Structures are given as C-alpha cells and as structure tokens.
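Colleague: My questions will all concern the structure given below.
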Amino acid sequence: MRSLLVIALVVAGGCGTAQPQPAAAVGDQPHPSSPGTGALHLLLTTDEHGWLSPLVDAGAGVQRGGIVAAWDRLTRVEGYAPTSERRAQGFLLLSTGDMWTGPYESTLLEGAPMVEAMNHMGYAAASIGNHEFDFGVRVLGEHSAHARFPFLAANLVEAASGELPPWVRPFTLVEVGGLTLGVVGLTNVETPITSDPRHLTGLSFLPYAETLEKWVPRARAAGADEVMVLVHDELAIADALLPVLRKHRVRAASFGHHHHAGTRIDDAGTPELDDDVTICNAGAYLRSYCRIDLTFAQGKLTSRSAQVAEVKAGAGERPVQPDATLVAIVQRAEASAERSGGEVLVESKRPLRRGSQEAMGQLVVDSWLAALPYAQVAITNAGGIRQDLPAGPVRVRDVVSVLPFDNFLLVVDLTGAQLKEALANDASVVAGVRYRFSDAGGTRRIAGATLLDGRPIADDTLLRVVINDFMYRGGDRYTFARWDDEPEETAIDWREPVLRRLRALGRQHQALDVIADDRARQD
C-alpha cells in the first residue's frame with residue numbers, strides 16, 4: 001500500500017490532475033497505511049502575475065521568463081511532462097498563488113489566459129494568493145470552475161458560517177512517484193491589507209499555525225504518512241512556522257509573495273535526515289522556478305534537495321523550442337491587448353523605475369495633482385505600481401500594466417499631523433510636499449515637511465490630499481477613513497491623469513523625460 005505525502009500550500013494558479021477532495025469528504029478517523037517508498041520531483045512556481053510573455057532585457061540581450069520559455073525548461077531540462085508516465089516517476093507541477101494580475105494582456109482578460117496556459121501545462125494544484133481577489137470573488141469562482149486543477153485555501157472561510165467558500169478546497173490528493181500526495185492550501189493572512197477590501201466582504205482569513213493544526217491531521221486521517229507545506233508568504237516567516245511543521249513531520253515548505261527566490265534546509269541541529277525541513281521560494285513572474293527532490297524508504301526521508309533555476313533565453317542560452325498551444329494562447333492574448341491598448345501615447349527618453357522614491361511613482365502622483373489642482377498633496381502606495389516603464393514607445397497597455405488595478409481617486413481633508421502620519425508609512429509616494437525622514441527601530445519619523453512653495457506644514461495646517469480608494473479602505477495599513485469619513489469621490493480612474501499627461505506630450509511632439517527628485521530625503 002502506498003503512503004500519503006501531504007503538501008500544504010500557503011499563500012495569494014493540468015492535465016491528469018486528481019480531483020480535489022471536498023472538506024465534507026475528509027474524515028476524522030485514522031486511515032491505516034503502510035510506510036511508503038518513492039521519490040518526488042516537485043516543480044514549483046509562484047507569483048506568476050500574468051507574465052505570459054517574457055521581460056525583454058535589451059541591455060543584457062536576454063529575455064527573462066514567460067510561459068513558453070518556462071515550459072521549455074521544465075520539459076527539456078527537468079524532464080517534466082503532464083503525463084501519467086511522468087507522474088508515476090514523481091514529477092508534479094504546483095503554483096503557490098498570485099497567478100494573474102500583471103501585464104496588460106492578462107489584466108485586460110482578468111487572468112483567463114493564465115488559467116488556460118496552466119491547464120495545458122498540467123498544474124496539479126494552486127494555492128489562492130492575495131491578488132487572486134483583484135477582479136472580485138465572481139471572477140475567482142469562474143476561474144476555479146474552468147481550471148483543471150483545484151484552488152486551495154484551508155484557512156479561508158465565510159465569516160457567517162465558518163465554512164470554506166464553494167470555490168475553494170482545503171486539500172487534494174494526487175498519486176505521484178509511488179506515493180499518494182495530499183496538497184493542503186492556505187491563503188495569505190494579510191490579504192485584507194494587501195488586496196482591495198471591497199472584494200473580501202464576508203470572508204475571514206485564519207492564522208497559518210492553527211489551520212495546519214486542524215487540516216494536517218485531517219489529511220493524515222485520510223491516509224497521510226508524510227507532510228509537506230507550500231507557503232505563499234515571505235521566507236522570513238519560516239522560523240515561526242517551523243515548530244508546527246516539525247511537530248507534524250512536515251518535510252518541506254515552499255514560500256512566495258515577496259518575490260525573492262531562495263532555498264534553505266533546516267536540519268533541527270541533528271544528524272538525522274528524517275526531521276529536516278526543506279524550504280524554497282521559487283521567485284516571481286515565471287523568471288525562475290524551484291525544484292524540490294525528496295526520496296523515501298519505508299516511510300523515512302532518505303534524501304532531500306532544493307534549487308532555484310532561472311528562466312531566460314538569448315545571449316548564449318540554449319534556444320527555446322516553442323510549444324504550439326502555449327504560443328497560440330500568448331498570441332490570442334496579445335492580439336486582444338493590441339486592439340484595445342496599442343495606442344502609442346509618447347516616447348520615453350529613459351526607463352522609469354518603480355519604488356517609493358523612484359521616477360515611476362513620482363510621475364503618477366504628479367499627474368494626479370495636475371489633474372486636481374485644488375488639492376495641495378497627492379499620495380499613492382508604492383505597491384500599487386506593479387512594473388517599471390521601459391524607454392521607447394509608451395502605449396496605453398503599458399500604463400495599465402504599471403497600474404493594473406481598478407481604482408479611482410478620492411480627495412480627503414487632512415491636518416498636517418495626519419499627513420505626516422500617512423507619510424510615515426514607508427509605502428507612500430508623494431507629490432506637492434518635500435520632507436525629511438529617519439528610520440529607527442523599524443519606525444519612520446517625519447521632519448521638516450514643507451509645501452513646494454517652501455511654506456512649512458504645521459500640525460494644524462489643513463490640506464486637501466488626493467489618494468486612491470484602495471488606500472482609503474485601509475489597504476497597506478493606511479487610516480484615511482478614520483480622519484475623513486466624507487471623502488470627495490472624484491470618479492476619476494487613477495490611470496486617467498497619467499494617460500492624459502502622456503497623450504498631451506505626444507500630441508505636442510515632446511518626449512517623456514522624468515528623473516526622480518529628492519522630495520523625500522532620509523536624514
């Protein structure tokens with residue numbers, strides 16, 4: 001009798017995939033099983049964010065990521081295929097969530113091309129990421145129905161009933177590598193902060209550890225002998241989870257969410273392999289993936305390894321052999337994107353980088369303030385700016401890729417003291433103000449804030465401030481709703497002022513030339 005290995009996927013997504021096991025079908029009584037012998041070759045991606053096409057790095061002469069190149073490497077280098085033969089040999093492809101919001105072609109089509117591509121690639125399961133909620137629960141439910149692999153989130157429940165929503169499963173079972181593999185999912189606990197709260201009404205996100213305490217035993221009750229965890233959260237939380245992982249003999253954990261690739265093996269300070277936990281983060285945008293290899297003999301872990309591999313083409317790399325089905329998916333998405341977003345607005349002299357002190361964010365908030373000149377200040381959250389803007393032609397689709405979320409602008413009334421508190425949030429990108437700050441002990445302190453005309457901003461100064469509605473609803477820990485309970489709803493899409501500015505430059509045959517200034521200076 002084969003043993004059951006359980007993978008718990010924690011987040012913010014195949015052919016021949018085993019059907020997900022509904023919560024109601026999971027019993028509480030132990031299911032007898034004998035120790036197993038087998039091997040697993042787990043191929044993991046995370047934070048794909050709709051990157052159907054690669055990022056073109058002209059300076060290095062390479063293309064990074066994209067589903068076609070990722071598929072080529074997974075199949076030709078790693079030996080993966082979505083077939084019963086490869087499944088029997090231990091190969092399995094999994095996602096740790098945040099599958100679709102990103103470049104224009106995926107955002108425009110609300111992630112549908114990524115689901116189609118992942119179906120073809122044979123993903124066995126995906127945990128639900130925080131950005132899976134970007135187009136609302138209706139779209140998430142539709143994608144869950146169309147996917148040939150289950151969406152997993154054992155810690156996501158309906159607040160009223162405490163039950164999982166109908167479009168999610170706590171875990172699924174897969175026969176692979178001589179083992180029965182159980183895949184348990186968790187969604188990111190900070191989703192109410194990092195995703196738009198309007199899409200999360202009636203949902204609760206439970207802590208990781210208590211959810212694992214509940215669902216790992218239930219998976220074992222269905223026959224699990226071994227347990228592994230995939231975590232869509234930063235690697236930094238691994239230490240906090242290790243006690244519960246080791247308590248339940250969890251073999252490995254794969255992380256995501258913060259886009260930083262890496263691996264680690266925690267050996268608990270003992271010479272035994274059987275208590276080791278192998279950890280990895282696959283990295284984002286399909287520009288890398290993680291491979292975890294585990295072998296078992298008579299129910300004991302006998303070897304383990306993890307590595308991250310880059311996905312790139314060109315500049316001496318092995319040529320990519322394109323898969324016709326994936327190429328067709330990309331071409332259809334690109335055609336839709338070009339029809340609706342192909343208008344060239346302006347030429348940019350230089351690339352604009354994203355980040356709280358970078359030129360891309362400053363262009364955004366400067367455009368807001370120009371569109372609403374009766375306000376003195378504009379603030380956006382750096383996390384809403386999802387991509388850099390390359391040099392060269394700037395199209396409508398490029399702006400949507402930079403600002404992919406459906407937000408609009410509000411104007412709030414703040415005092416100087418409240419503005420400084422908002423600026424102390426290190427996600428803030430600001431226009432209309434110059435200020436100094438210091439960071440000490442994880443706390444940002446604001447000093448010397450002035451308006452652009454040099455007037456100092458006293459704590460009792462009254463100001464009109466442009467923000468986006470995500471921030472007003474408490475996203476990224478902003479508290480604007482506490483300060484102004486009757487904001488002005490402008491009904492202006494947050495991209496519109498940027499599009500208007502770029503289009504005006506283009507009509508005047510001027511180039512876009514933005515260099516980040518020092519409006520926020522660190523002491």
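Simple scheme: letters A, B, ... for chains in structure tokens order, numbers from 1 for residues in each chain, numbers from 1 for ligands in the order shown.
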Skip segment 52-64 of chain A itself and residues of its chain fewer than 6 positions away, then list as a compact mmCIF listing (two decimals) with N, CA and C atoms, in the first residue's frame all residues within 10 Å of it, counting only C-alpha atoms.

Modeller:
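The result, stored in out-v2.txt:
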# COMPACT_ATOMS: atom_id res chain seq x y z
N ALA A 70 9.45 29.05 -19.93
CA ALA A 70 9.35 28.27 -18.69
C ALA A 70 8.98 26.82 -19.01
N TRP A 100 -2.50 35.82 -11.71
CA TRP A 100 -2.86 36.53 -12.93
C TRP A 100 -2.69 38.04 -12.99
N GLY A 102 -1.21 41.47 -13.63
CA GLY A 102 0.12 41.91 -14.03
C GLY A 102 0.09 42.63 -15.34
N PRO A 103 0.83 42.13 -16.36
CA PRO A 103 0.87 42.80 -17.65
C PRO A 103 -0.52 42.97 -18.26
N GLU A 105 -2.08 42.29 -21.03
CA GLU A 105 -2.85 41.25 -21.70
C GLU A 105 -3.54 40.31 -20.71
N SER A 106 -2.92 40.07 -19.56
CA SER A 106 -3.55 39.23 -18.56
C SER A 106 -4.58 40.01 -17.75
N PRO A 113 -6.25 33.97 -19.65
CA PRO A 113 -5.18 33.28 -20.39
C PRO A 113 -4.24 32.49 -19.50
N MET A 114 -4.00 32.97 -18.27
CA MET A 114 -3.10 32.23 -17.37
C MET A 114 -3.74 30.92 -16.96
N ALA A 117 -3.35 28.58 -19.88
CA ALA A 117 -1.96 28.12 -20.01
C ALA A 117 -1.62 27.10 -18.93
N TYR A 285 7.17 35.95 -11.46
CA TYR A 285 6.98 36.30 -12.87
C TYR A 285 7.43 35.22 -13.85
N LEU A 286 7.52 33.96 -13.38
CA LEU A 286 7.99 32.85 -14.20
C LEU A 286 9.41 33.06 -14.73
N ARG A 287 10.17 33.94 -14.05
CA ARG A 287 11.56 34.15 -14.43
C ARG A 287 12.49 33.16 -13.70
N SER A 288 11.90 32.38 -12.81
CA SER A 288 12.62 31.31 -12.14
C SER A 288 11.59 30.34 -11.57
N GLU A 310 16.89 29.72 -13.12
CA GLU A 310 16.42 30.87 -13.89
C GLU A 310 15.76 30.41 -15.19
N VAL A 311 14.84 31.23 -15.68
CA VAL A 311 14.23 31.02 -16.99
C VAL A 311 14.61 32.19 -17.87
N LYS A 312 15.47 31.95 -18.86
CA LYS A 312 15.87 33.04 -19.75
C LYS A 312 16.29 32.47 -21.09
N ALA A 313 16.25 33.33 -22.11
CA ALA A 313 16.60 32.92 -23.47
C ALA A 313 17.45 34.01 -24.10
N GLY A 314 18.32 33.62 -25.04
CA GLY A 314 19.18 34.58 -25.72
C GLY A 314 20.53 34.69 -25.07
N ALA A 315 21.45 35.46 -25.68
CA ALA A 315 22.79 35.74 -25.14
C ALA A 315 23.49 34.46 -24.71
N GLY A 316 23.55 33.49 -25.64
CA GLY A 316 24.28 32.26 -25.37
C GLY A 316 23.47 31.18 -24.71
N GLU A 317 22.20 31.47 -24.34
CA GLU A 317 21.35 30.45 -23.75
C GLU A 317 20.90 29.44 -24.81
N LEU A 326 0.87 26.82 -26.26
CA LEU A 326 1.18 27.99 -25.44
C LEU A 326 1.42 29.22 -26.30
N VAL A 327 2.09 29.05 -27.42
CA VAL A 327 2.30 30.17 -28.33
C VAL A 327 0.97 30.74 -28.79
N ILE A 329 -1.91 30.62 -27.18
CA ILE A 329 -2.53 31.32 -26.05
C ILE A 329 -1.95 32.73 -25.92
N VAL A 330 -0.63 32.83 -26.01
CA VAL A 330 0.02 34.14 -25.90
C VAL A 330 -0.40 35.04 -27.06
N GLN A 331 -0.44 34.50 -28.26
CA GLN A 331 -0.78 35.31 -29.42
C GLN A 331 -2.22 35.84 -29.34
N ALA A 333 -3.93 36.42 -26.59
CA ALA A 333 -3.96 37.46 -25.55
C ALA A 333 -3.30 38.74 -26.05
N GLU A 334 -2.19 38.61 -26.77
CA GLU A 334 -1.51 39.78 -27.32
C GLU A 334 -2.38 40.51 -28.33
N PRO A 390 9.55 50.90 -19.53
CA PRO A 390 10.79 50.93 -20.30
C PRO A 390 10.92 52.19 -21.15

Colleague: Determine which residues of segment 78-250 of chain A receive a DSSP assignment of strand (DSSP E or B), computed from the backbone, and state them as a VMD selection string.

Modeller: chain A and resid 91 to 95 125 to 127 151 to 152 156 to 158 169 171 to 176 179 to 186 203 to 205 224 to 231 250

Colleague: Measuring atom to atom with only C-alpha atoms, identify which of A:Ile446, A:Ala328, A:Ile385, A:Val396 is nearest to Ala359 of chain A.

Modeller: A:Ile385

Colleague: As a list in words, please: the residues near Phe408 of chain A (cut-off 7 Å, only C-alpha atoms, same-chain neighbours under 6 positions excluded).

Modeller: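 After dropping sequence-adjacent residues, the list is Asn468, Asp469, Ala491, Ile492, Asp493 and Trp494 of chain A.
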
Colleague: Give me every helix (DSSP H, G or I) residue in segment 28-118 of chain A, going by DSSP on the backbone, as a list of chain:residue names.

Modeller: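 Everything in segment 28-118 of chain A that counts as helix (DSSP H, G or I) is A:Ile67, A:Val68, A:Ala69, A:Ala70, A:Trp71, A:Asp72, A:Arg73, A:Leu74, A:Thr75, A:Arg76, A:Ser84, A:Glu85, A:Arg86, A:Arg87, A:Ala88, A:Tyr104, A:Glu105, A:Ser106, A:Thr107, A:Leu108, A:Ala112, A:Pro113, A:Met114, A:Val115, A:Glu116, A:Ala117, A:Met118.
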
Colleague: Report as a list in words all protein, DNA and RNA residues lying within 12 Å of Leu505 of chain A, evaluated on only C-alpha atoms, omitting residues in the same chain fewer than 3 positions from it.

Modeller: Val344, Leu345, Val346, Glu347, Ser348, Val394, Val498, Leu499, Arg500, Arg501, Leu502, Gln508, His509, Gln510, Ala511, Leu512 and Asp513 of chain A

Colleague: Keeping only N, CA and C atoms, take the residues you just selected and write them out as a PDB file, in the first residue's frame.

Modeller:
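Result file selection13.pdb:
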ATOM      1  N   VAL A 344      -0.010  54.361 -29.141  1.00  0.00           N
ATOM      2  CA  VAL A 344       1.244  54.921 -28.625  1.00  0.00           C
ATOM      3  C   VAL A 344       0.968  56.336 -28.128  1.00  0.00           C
ATOM      4  N   LEU A 345       1.272  56.575 -26.873  1.00  0.00           N
ATOM      5  CA  LEU A 345       0.995  57.870 -26.243  1.00  0.00           C
ATOM      6  C   LEU A 345       2.150  58.843 -26.399  1.00  0.00           C
ATOM      7  N   VAL A 346       3.368  58.354 -26.192  1.00  0.00           N
ATOM      8  CA  VAL A 346       4.540  59.226 -26.134  1.00  0.00           C
ATOM      9  C   VAL A 346       5.781  58.356 -26.204  1.00  0.00           C
ATOM     10  N   GLU A 347       6.918  58.962 -26.476  1.00  0.00           N
ATOM     11  CA  GLU A 347       8.210  58.282 -26.388  1.00  0.00           C
ATOM     12  C   GLU A 347       8.865  58.676 -25.066  1.00  0.00           C
ATOM     13  N   SER A 348       9.360  57.697 -24.342  1.00  0.00           N
ATOM     14  CA  SER A 348      10.079  57.979 -23.098  1.00  0.00           C
ATOM     15  C   SER A 348      11.576  57.913 -23.343  1.00  0.00           C
ATOM     16  N   VAL A 394       5.590  54.433 -25.381  1.00  0.00           N
ATOM     17  CA  VAL A 394       4.729  54.123 -24.238  1.00  0.00           C
ATOM     18  C   VAL A 394       3.296  54.028 -24.754  1.00  0.00           C
ATOM     19  N   VAL A 498      -2.578  60.062 -15.715  1.00  0.00           N
ATOM     20  CA  VAL A 498      -1.302  59.653 -16.312  1.00  0.00           C
ATOM     21  C   VAL A 498      -1.454  59.546 -17.821  1.00  0.00           C
ATOM     22  N   LEU A 499      -2.522  58.893 -18.284  1.00  0.00           N
ATOM     23  CA  LEU A 499      -2.770  58.775 -19.718  1.00  0.00           C
ATOM     24  C   LEU A 499      -2.910  60.152 -20.365  1.00  0.00           C
ATOM     25  N   ARG A 500      -3.619  61.050 -19.670  1.00  0.00           N
ATOM     26  CA  ARG A 500      -3.853  62.393 -20.200  1.00  0.00           C
ATOM     27  C   ARG A 500      -2.527  63.148 -20.354  1.00  0.00           C
ATOM     28  N   ARG A 501      -1.664  63.032 -19.347  1.00  0.00           N
ATOM     29  CA  ARG A 501      -0.379  63.746 -19.405  1.00  0.00           C
ATOM     30  C   ARG A 501       0.496  63.214 -20.528  1.00  0.00           C
ATOM     31  N   LEU A 502       0.563  61.892 -20.650  1.00  0.00           N
ATOM     32  CA  LEU A 502       1.414  61.305 -21.676  1.00  0.00           C
ATOM     33  C   LEU A 502       0.871  61.597 -23.075  1.00  0.00           C
ATOM     34  N   GLN A 508       2.109  67.085 -28.556  1.00  0.00           N
ATOM     35  CA  GLN A 508       2.993  68.244 -28.705  1.00  0.00           C
ATOM     36  C   GLN A 508       4.364  67.838 -29.245  1.00  0.00           C
ATOM     37  N   HIS A 509       4.491  66.557 -29.622  1.00  0.00           N
ATOM     38  CA  HIS A 509       5.738  66.015 -30.168  1.00  0.00           C
ATOM     39  C   HIS A 509       6.897  66.196 -29.198  1.00  0.00           C
ATOM     40  N   GLN A 510       6.579  66.061 -27.907  1.00  0.00           N
ATOM     41  CA  GLN A 510       7.605  66.104 -26.872  1.00  0.00           C
ATOM     42  C   GLN A 510       7.811  64.708 -26.306  1.00  0.00           C
ATOM     43  N   ALA A 511       9.004  64.438 -25.854  1.00  0.00           N
ATOM     44  CA  ALA A 511       9.297  63.149 -25.232  1.00  0.00           C
ATOM     45  C   ALA A 511       9.048  63.226 -23.730  1.00  0.00           C
ATOM     46  N   LEU A 512       8.776  62.087 -23.143  1.00  0.00           N
ATOM     47  CA  LEU A 512       8.671  61.983 -21.687  1.00  0.00           C
ATOM     48  C   LEU A 512      10.078  61.864 -21.122  1.00  0.00           C
ATOM     49  N   ASP A 513      10.421  62.730 -20.192  1.00  0.00           N
ATOM     50  CA  ASP A 513      11.764  62.718 -19.617  1.00  0.00           C
ATOM     51  C   ASP A 513      11.650  63.020 -18.126  1.00  0.00           C
TER      52      ASP A 513
END

Colleague: Can you work out the spacing between atom CA of Leu44 of chain A and atom CA of Val68 of chain A in Å, to one decimal?

Modeller: 16.0 Å

Colleague: Taking into account only C-alpha atoms, which residue in the set A:Thr415, A:Ser204, A:Thr450, A:Thr479 is nearest to Asn155 of chain A?

Modeller: A:Ser204

Colleague: Leaving out Ala282 of chain A and any residue of its chain fewer than 4 positions from it, which residues lie within 7 Å of it when counting only C-alpha atoms, given as a PDB file with C-alpha atoms, in the first residue's frame?

Modeller:
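File produced: out-v9.pdb:
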ATOM      1  CA  LEU A  44       7.182  24.982  -8.070  1.00  0.00           C
ATOM      2  CA  THR A  45       6.293  28.400  -9.418  1.00  0.00           C
ATOM      3  CA  THR A  46       4.838  31.341  -7.549  1.00  0.00           C
ATOM      4  CA  GLY A 256       6.295  33.121  -2.272  1.00  0.00           C
ATOM      5  CA  ALA A 261      13.970  33.472  -4.692  1.00  0.00           C
ATOM      6  CA  GLY A 262      15.992  31.329  -2.291  1.00  0.00           C
ATOM      7  CA  SER A 288      12.619  31.308 -12.138  1.00  0.00           C
ATOM      8  CA  TYR A 289      11.198  28.199 -10.508  1.00  0.00           C
ATOM      9  CA  CYS A 290      12.115  25.892  -7.662  1.00  0.00           C
ATOM     10  CA  VAL A 308      16.178  27.608  -7.909  1.00  0.00           C
TER      11      VAL A 308
END

Colleague: I'd like the interatomic distance between atom CA of Asn130 of chain A and atom CA of Gly111 of chain A, to a tenth of an Å.

Modeller: 13.8 Å

Colleague: Just checking: using only C-alpha atoms, which residue out of A:Leu203, A:Leu389, A:Ala124, A:Ala378 ends up closest to Val137 of chain A?

Modeller: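 So, comparing all the options, the nearest one is A:Leu203.
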
Colleague: Would you pick out the contacts of Pro197 of chain A at 12 Å or less, using only C-alpha atoms, so that residues sharing its chain but fewer than 3 positions from it are not included, and give the list as a PyMOL selection string?

Modeller: chain A and resi 130-131+133-137+190-194+200-204+407+469-477

Colleague: Save out the residues we just selected, C-alpha atoms, as a tab-separated table (two decimals), in the first residue's frame.

Modeller:
chain	number	residue	atom	x	y	z
A	130	ASN	CA	-3.95	37.69	-2.28
A	131	HIS	CA	-4.06	39.01	-5.86
A	133	PHE	CA	-9.13	38.57	-5.45
A	134	ASP	CA	-8.24	41.56	-7.68
A	135	PHE	CA	-11.16	41.03	-10.06
A	136	GLY	CA	-13.61	40.01	-7.35
A	137	VAL	CA	-14.94	36.73	-5.99
A	190	GLU	CA	-2.64	39.68	5.18
A	191	THR	CA	-4.92	39.55	2.15
A	192	PRO	CA	-7.32	42.10	3.75
A	193	ILE	CA	-4.38	44.56	3.84
A	194	THR	CA	-2.70	43.80	0.52
A	200	LEU	CA	-13.34	40.42	0.57
A	201	THR	CA	-16.74	41.13	2.15
A	202	GLY	CA	-17.89	38.23	4.30
A	203	LEU	CA	-14.57	36.38	4.23
A	204	SER	CA	-12.21	35.62	7.12
A	407	ASN	CA	-9.04	52.04	-8.57
A	469	ASP	CA	-9.69	54.30	-2.98
A	470	PHE	CA	-7.66	51.20	-2.06
A	471	MET	CA	-5.75	53.28	0.46
A	472	TYR	CA	-8.96	54.82	1.82
A	473	ARG	CA	-10.40	51.37	2.52
A	474	GLY	CA	-7.39	50.53	4.69
A	475	GLY	CA	-5.11	48.91	2.12
A	476	ASP	CA	-1.41	48.85	3.06
A	477	ARG	CA	-2.42	49.90	6.61

Colleague: Could you name the residues that touch Val168 of chain A at 7 Å or less, counting only C-alpha atoms, but leaving out those on the same chain fewer than 4 positions away, as an MDAnalysis selection string?

Modeller: chainID A and resid 151:153 164

Colleague: Let me make sure I understand: among A:Leu74, A:Val229, A:Val176, A:Val429, which one has the smallest atom-to-atom distance to Gly36 of chain A if we use only C-alpha atoms?

Modeller: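 Checking each of A:Leu74, A:Val229, A:Val176, A:Val429 against Gly36 of chain A, counting only C-alpha atoms, the winner is A:Val176.
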
Colleague: With distances taken over only C-alpha atoms, which residue among A:Arg436, A:Arg304, A:Arg482, A:Lys349 lies nearest Asp518 of chain A?

Modeller: A:Arg436

Colleague: Report the distance between atom CA of Arg503 of chain A and atom CA of Met360 of chain A in Å, rounded to one decimal place.

Modeller: 16.3 Å
